[in-house]
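*Asks:* Below are the structure tokens for one structure; questions will follow.
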Amino acid sequence: MPKKSLQNEVVTRFPPSPTGNLHIGAARTALFNWLFAKHHDGRVVLRFEDTDVARSDKKYAENIKEGLEWLGIDYDGPYWQSERTDIYKGYIEKLLESGAVYVSDESKSEGDRDEVIRFKNPNKIITFEDMIRGEISVDTTDLGDFVIAKSVDEPLYHLAVVVDDHEMGITNVIRGDEHIANTPRQLLLLEAMEVTPPTYAHIPLILGDDGKKLSKRHGATGLDVYRDMGVLPEGMINYLSLLGWHPSDDQEIFTPKELIAAFTIDRVQKSPATFSKEKLRWVNRQHILEMTEEEFYDEVKGQIPADITKLPQYHLDRVRASLPIFRERIELLSDIVEMAEAGEMEFLFEAPDYGAGDIAWKDDTPEETASYLQKVADLLDAVPADDFATELVKDAVWDYASEIGRGNVLWPTRFALSGQKQSPGPFMIATAIGKEETVSRLQTAISKLKDES
RNA sequence: GGCCCCGUCGUCUAGCCCGGUCCAGGACGCUAGGUUUUCAUCCUAGUAACACGAGUUCAAAUCUCGUCGGGGUCACCA
């Protein structure tokens, strides 16, 4: 049974129908309900609207729960409408008694059953105050005597929603814009039940890049797709919160806690927003930057592909030492995989193979270059192996490089370490691979240069 | 089509309620320059919008009306 509400406690709800995986739009709706509830020290109820047995499936319910848990959205429940038919039945019978609804003979129409239960529409103007849009007024006459149940044991959406919201003590209904047209019907039912309606807030839709309501055909709309892509839950929450909501200042990067503190419904947008993967990536990067070394390390090591872990110098210590290199170049955790696929990672775990011709900077001769590298190797000898920090490595070489010409010295140094024309800087690589390997790679380059001349 | 909702840079948006401080601010993206050689990062600068028309007013992104545009919804689905 639903938890009894405390006096004045804010209770919101997230009521998906388990007919598909949790998608971005629904996740954002859940998020707003959660932020609003938490901001007011309240809670959110998860309720599966599975009255349509044919279309509902447990596996979707699982996916939805997993998605919420991944995001860190905690909830009461879940409740299943399919397990609450007795409750609905009680209400339907009462409504039948009062004459607010009636059994309608459908035998002459094309429906799939001869009798359904219809609401006796009083045909009036319904006006309600939406927390986001203000006053909305609709003439319910065009709604007709809508169907509220197939039978006393088979309630339909509007009846079930209204009963549940009341039974569960929902104080605020925060849902997508597409439900704005449903509100008058539900208000009519509430009135017939002599129940005080909750407060409504209709949030704008999320659009695909074609300006249409986000749906399957827009490609990656499943929340799990983004999780698998290596978006952090904090990044996802942060980005989603900015779609249709804006704080009172220009802060853009928020922890979940900060969002709860800052979130107010009056700063929710009226107009729909378009989902931008680009900005999601940027927001996510900001959160990657905020991770502790330990957190980042745990995520990174899980991303490294098998063919990298097979490399001769692959070792977790080496991974840990390479963290700054990864941190600087990724927006999504899965960018680690892309780095590997692009061949931007092997040199961290094996000595590079390359031709001597590319080592020297511009027109420098092999002899000159070899002497520069020898000097660098000598200078690095003074740096302790157990404290081969990037800054120390740099300090050891910097004055010499500046004196000779930074490009002349640093290009071949970096190339000797990475074997690539484009790569992270030499000092970072040196720290990642350690003193011994650094010097060894410099010596290899020197030999190659000598063979050349 | 009926009903409902919405309309500021390419995108997310601030400002709109309480008209002047907005020849419109921030961020993403993009472009250019810079920082410790390359790539990346970072920094700086630039780019670009009040849908249109009328009205009210000394003054309108902000108020009013209209037009146009976009979206949602019209099930014995949710």
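Letters for chains follow the order of the structure tokens (A, B, ...), residue numbers begin at 1 for each chain, and ligand numbers begin at 1 in the order shown.
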Any idea what's packed within 8 Å of range 50-67 of chain B, counting only C-alpha atoms (C1' of nucleotides), ignoring anything in its chain fewer than 5 positions away? Could you give it as a short mmCIF file (atom, residue, chain, number, x, y, z; two decimals) with N, CA and C atoms (P, O5', C5', C4', C3', O3' and C1' of nucleotides), in the first residue's frame?
*Replies:*
data_model
loop_
_atom_site.label_atom_id
_atom_site.label_comp_id
_atom_site.auth_asym_id
_atom_site.auth_seq_id
_atom_site.Cartn_x
_atom_site.Cartn_y
_atom_site.Cartn_z
P G B 7 6.93 31.31 -26.07
"O5'" G B 7 7.51 31.27 -27.58
"C5'" G B 7 8.70 30.47 -27.87
"C4'" G B 7 9.07 30.77 -29.31
"C3'" G B 7 9.42 32.24 -29.52
"O3'" G B 7 10.78 32.50 -29.79
"C1'" G B 7 7.69 31.51 -31.03
P U B 8 12.04 31.64 -29.60
"O5'" U B 8 13.04 32.86 -29.59
"C5'" U B 8 12.81 33.97 -30.50
"C4'" U B 8 13.90 34.96 -30.30
"C3'" U B 8 15.31 34.39 -30.38
"O3'" U B 8 15.73 34.31 -31.72
"C1'" U B 8 15.12 35.73 -28.45
P C B 16 12.55 40.21 -16.59
"O5'" C B 16 11.46 40.36 -17.73
"C5'" C B 16 11.17 41.66 -18.30
"C4'" C B 16 10.15 41.43 -19.38
"C3'" C B 16 8.79 40.98 -18.84
"O3'" C B 16 7.86 42.03 -19.07
"C1'" C B 16 9.58 39.55 -20.60
P G B 19 6.40 47.72 -16.47
"O5'" G B 19 7.64 47.93 -17.45
"C5'" G B 19 8.38 46.81 -17.96
"C4'" G B 19 8.96 47.31 -19.27
"C3'" G B 19 10.06 48.33 -19.08
"O3'" G B 19 11.22 47.66 -19.47
"C1'" G B 19 8.37 49.05 -20.63
P G B 20 12.64 48.07 -18.79
"O5'" G B 20 13.06 49.35 -19.62
"C5'" G B 20 13.88 49.28 -20.78
"C4'" G B 20 14.25 50.69 -21.16
"C3'" G B 20 15.58 51.19 -20.63
"O3'" G B 20 16.45 51.24 -21.75
"C1'" G B 20 13.89 52.84 -20.45
P A B 24 23.11 44.70 -29.45
"O5'" A B 24 22.61 43.83 -28.20
"C5'" A B 24 22.70 44.36 -26.87
"C4'" A B 24 21.95 43.43 -25.95
"C3'" A B 24 22.28 41.96 -26.14
"O3'" A B 24 23.35 41.57 -25.30
"C1'" A B 24 19.96 42.25 -26.27
#
*Asks:* Write out as a list in words the residues lying within 7 Å of range 319-330 of chain A, counting only C-alpha atoms (C1' of nucleotides) and excluding same-chain residues fewer than 4 positions away.
*Replies:* Arg285, Leu289, Tyr297, His315, Asp335, Ile336, Pro424, Met428, Thr431 and Ala432 of chain A; A40 and U41 of chain B
*Asks:* Generate a file of the selected residues that holds N, CA and C atoms (P, O5', C5', C4', C3', O3' and C1' of nucleotides), formatted as a short mmCIF file (atom, residue, chain, number, x, y, z; two decimals), in the first residue's frame.
*Replies:*
data_model
loop_
_atom_site.label_atom_id
_atom_site.label_comp_id
_atom_site.auth_asym_id
_atom_site.auth_seq_id
_atom_site.Cartn_x
_atom_site.Cartn_y
_atom_site.Cartn_z
N ARG A 285 32.06 16.22 -20.04
CA ARG A 285 33.49 16.43 -19.83
C ARG A 285 33.75 17.20 -18.53
N LEU A 289 36.07 15.93 -15.45
CA LEU A 289 37.12 16.74 -14.83
C LEU A 289 36.96 16.80 -13.31
N TYR A 297 40.07 6.49 -12.53
CA TYR A 297 40.85 5.28 -12.78
C TYR A 297 39.94 4.07 -12.93
N HIS A 315 50.14 -2.57 -18.07
CA HIS A 315 50.13 -2.82 -16.64
C HIS A 315 49.23 -1.77 -16.03
N ASP A 335 35.27 7.49 -25.25
CA ASP A 335 36.30 8.08 -26.10
C ASP A 335 37.63 7.35 -25.90
N ILE A 336 37.75 6.67 -24.76
CA ILE A 336 38.94 5.86 -24.50
C ILE A 336 39.05 4.78 -25.59
N PRO A 424 50.26 13.31 -27.28
CA PRO A 424 50.37 14.13 -26.07
C PRO A 424 51.81 14.65 -25.94
N MET A 428 54.36 14.56 -20.39
CA MET A 428 53.28 13.71 -19.90
C MET A 428 53.54 12.25 -20.23
N THR A 431 56.16 10.75 -17.91
CA THR A 431 55.62 10.38 -16.61
C THR A 431 54.81 9.09 -16.71
N ALA A 432 54.05 8.97 -17.79
CA ALA A 432 53.21 7.79 -17.95
C ALA A 432 54.02 6.51 -18.07
P A B 40 43.84 19.61 -32.06
"O5'" A B 40 43.64 19.06 -30.57
"C5'" A B 40 42.80 17.93 -30.32
"C4'" A B 40 42.90 17.55 -28.87
"C3'" A B 40 42.48 18.61 -27.85
"O3'" A B 40 41.08 18.69 -27.68
"C1'" A B 40 44.52 17.66 -27.18
P U B 41 40.42 20.10 -27.30
"O5'" U B 41 41.02 20.40 -25.86
"C5'" U B 41 40.66 19.58 -24.75
"C4'" U B 41 41.46 19.99 -23.54
"C3'" U B 41 41.25 21.41 -23.04
"O3'" U B 41 40.09 21.50 -22.24
"C1'" U B 41 43.55 20.93 -23.09
#
*Asks:* Please identify the strand (DSSP E) residues within range 197-387 of chain A (assignment by DSSP from backbone atoms) and present them as a PyMOL selection string.
*Replies:* chain A and resi 199-203+206-207+273-274
*Asks:* Tell me the residues of chain A close to chain B, meaning within 7 Å using only C-alpha atoms (C1' of nucleotides), as a list of chain:residue names.
*Replies:*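 Interface list for chain A against chain B: A:Ser17, A:Gly111, A:Asp112, A:Val116, A:Val147, A:Lys150, A:Tyr157, A:Asp177, A:Glu178, A:Ala181, A:Leu243, A:Asp250, A:Lys270, A:Ser271, A:Ser276, A:Glu278, A:Lys279, A:Glu328, A:Arg329, A:Arg406, A:Gly407, A:Leu410, A:Trp411, A:Lys421, A:Gln422, A:Ser423, A:Pro424.
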*Asks:* Give me the residues within 12 Å of C30 in chain B as a list in words, counting only C-alpha atoms (C1' of nucleotides) and dropping any in the same chain fewer than 4 places off.
*Replies:* G10, U11, G46, U47 and A48 of chain B
*Asks:* Output the selection as a compact mmCIF listing (two decimals), in the first residue's frame - N, CA and C atoms (P, O5', C5', C4', C3', O3' and C1' of nucleotides) for each residue.
*Replies:*
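The resulting result_26.txt:
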# COMPACT_ATOMS: atom_id res chain seq x y z
P G B 10 20.47 31.78 -35.91
O5' G B 10 20.79 30.22 -35.98
C5' G B 10 20.13 29.40 -36.95
C4' G B 10 20.55 27.99 -36.67
C3' G B 10 20.23 27.54 -35.26
O3' G B 10 18.94 26.97 -35.18
C1' G B 10 22.51 27.11 -35.72
P U B 11 18.07 27.16 -33.84
O5' U B 11 18.88 26.26 -32.82
C5' U B 11 18.84 24.83 -32.93
C4' U B 11 19.56 24.24 -31.74
C3' U B 11 19.11 24.78 -30.40
O3' U B 11 17.94 24.13 -29.94
C1' U B 11 21.45 24.85 -30.48
P G B 46 34.93 40.54 -29.07
O5' G B 46 34.74 39.83 -30.49
C5' G B 46 35.30 40.42 -31.66
C4' G B 46 35.13 39.47 -32.81
C3' G B 46 33.69 39.05 -33.10
O3' G B 46 33.03 40.03 -33.87
C1' G B 46 35.09 37.16 -33.15
P U B 47 31.42 40.07 -33.84
O5' U B 47 31.00 38.70 -34.55
C5' U B 47 31.36 38.45 -35.90
C4' U B 47 30.82 37.10 -36.30
C3' U B 47 29.34 36.92 -36.02
O3' U B 47 28.59 37.42 -37.12
C1' U B 47 30.54 35.01 -35.27
P A B 48 27.75 38.75 -36.98
O5' A B 48 26.31 38.14 -36.73
C5' A B 48 25.82 37.13 -37.62
C4' A B 48 25.05 36.13 -36.82
C3' A B 48 24.05 36.77 -35.86
O3' A B 48 22.86 37.10 -36.56
C1' A B 48 25.24 35.04 -34.76
*Asks:* I need the residue nearest Gly72 in chain A from this list: A:Ser107, A:Thr264, A:Thr255, A:Ser418. Use only C-alpha atoms for the distance.
*Replies:* A:Thr255
*Asks:* So which residues touch Leu380 in chain A within 12 Å, counting only C-alpha atoms (C1' of nucleotides), skipping near sequence neighbours fewer than 2 positions away, as a PyMOL selection string?
*Replies:* chain A and resi 373-378+382-385+387-390+392-398+400+413+427+430-431+434-440+442
*Asks:* Might you pull out every residue within 12 Å of Glu452 in chain A, with only C-alpha atoms (C1' of nucleotides) counted and same-chain residues fewer than 3 positions away left off, and present them as a list in words?
*Replies:*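 So the residues in contact are Gly355, Ala356, Gly357, Asp358, Ile359, Ala360, Thr365, Pro366, Glu367, Thr369, Ala370, Ala445, Ile446, Ser447, Lys448 and Leu449 of chain A.
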*Asks:* How would the residues just picked look written out with C-alpha atoms as an mmCIF file, in the first residue's frame?
*Replies:*
data_model
loop_
_atom_site.group_PDB
_atom_site.id
_atom_site.type_symbol
_atom_site.label_atom_id
_atom_site.label_comp_id
_atom_site.auth_asym_id
_atom_site.auth_seq_id
_atom_site.Cartn_x
_atom_site.Cartn_y
_atom_site.Cartn_z
ATOM 1 C CA GLY A 355 61.295 5.179 -39.346
ATOM 2 C CA ALA A 356 64.289 7.344 -38.480
ATOM 3 C CA GLY A 357 63.305 9.886 -41.096
ATOM 4 C CA ASP A 358 60.583 11.519 -38.997
ATOM 5 C CA ILE A 359 62.518 11.978 -35.789
ATOM 6 C CA ALA A 360 64.306 15.218 -36.575
ATOM 7 C CA THR A 365 70.451 16.658 -39.297
ATOM 8 C CA PRO A 366 70.426 13.190 -37.696
ATOM 9 C CA GLU A 367 73.700 14.022 -35.941
ATOM 10 C CA THR A 369 69.138 15.495 -33.349
ATOM 11 C CA ALA A 370 70.946 12.540 -31.835
ATOM 12 C CA ALA A 445 65.869 6.827 -31.325
ATOM 13 C CA ILE A 446 69.502 7.783 -31.026
ATOM 14 C CA SER A 447 70.586 4.450 -32.499
ATOM 15 C CA LYS A 448 68.175 4.831 -35.363
ATOM 16 C CA LEU A 449 69.576 8.275 -36.077
#
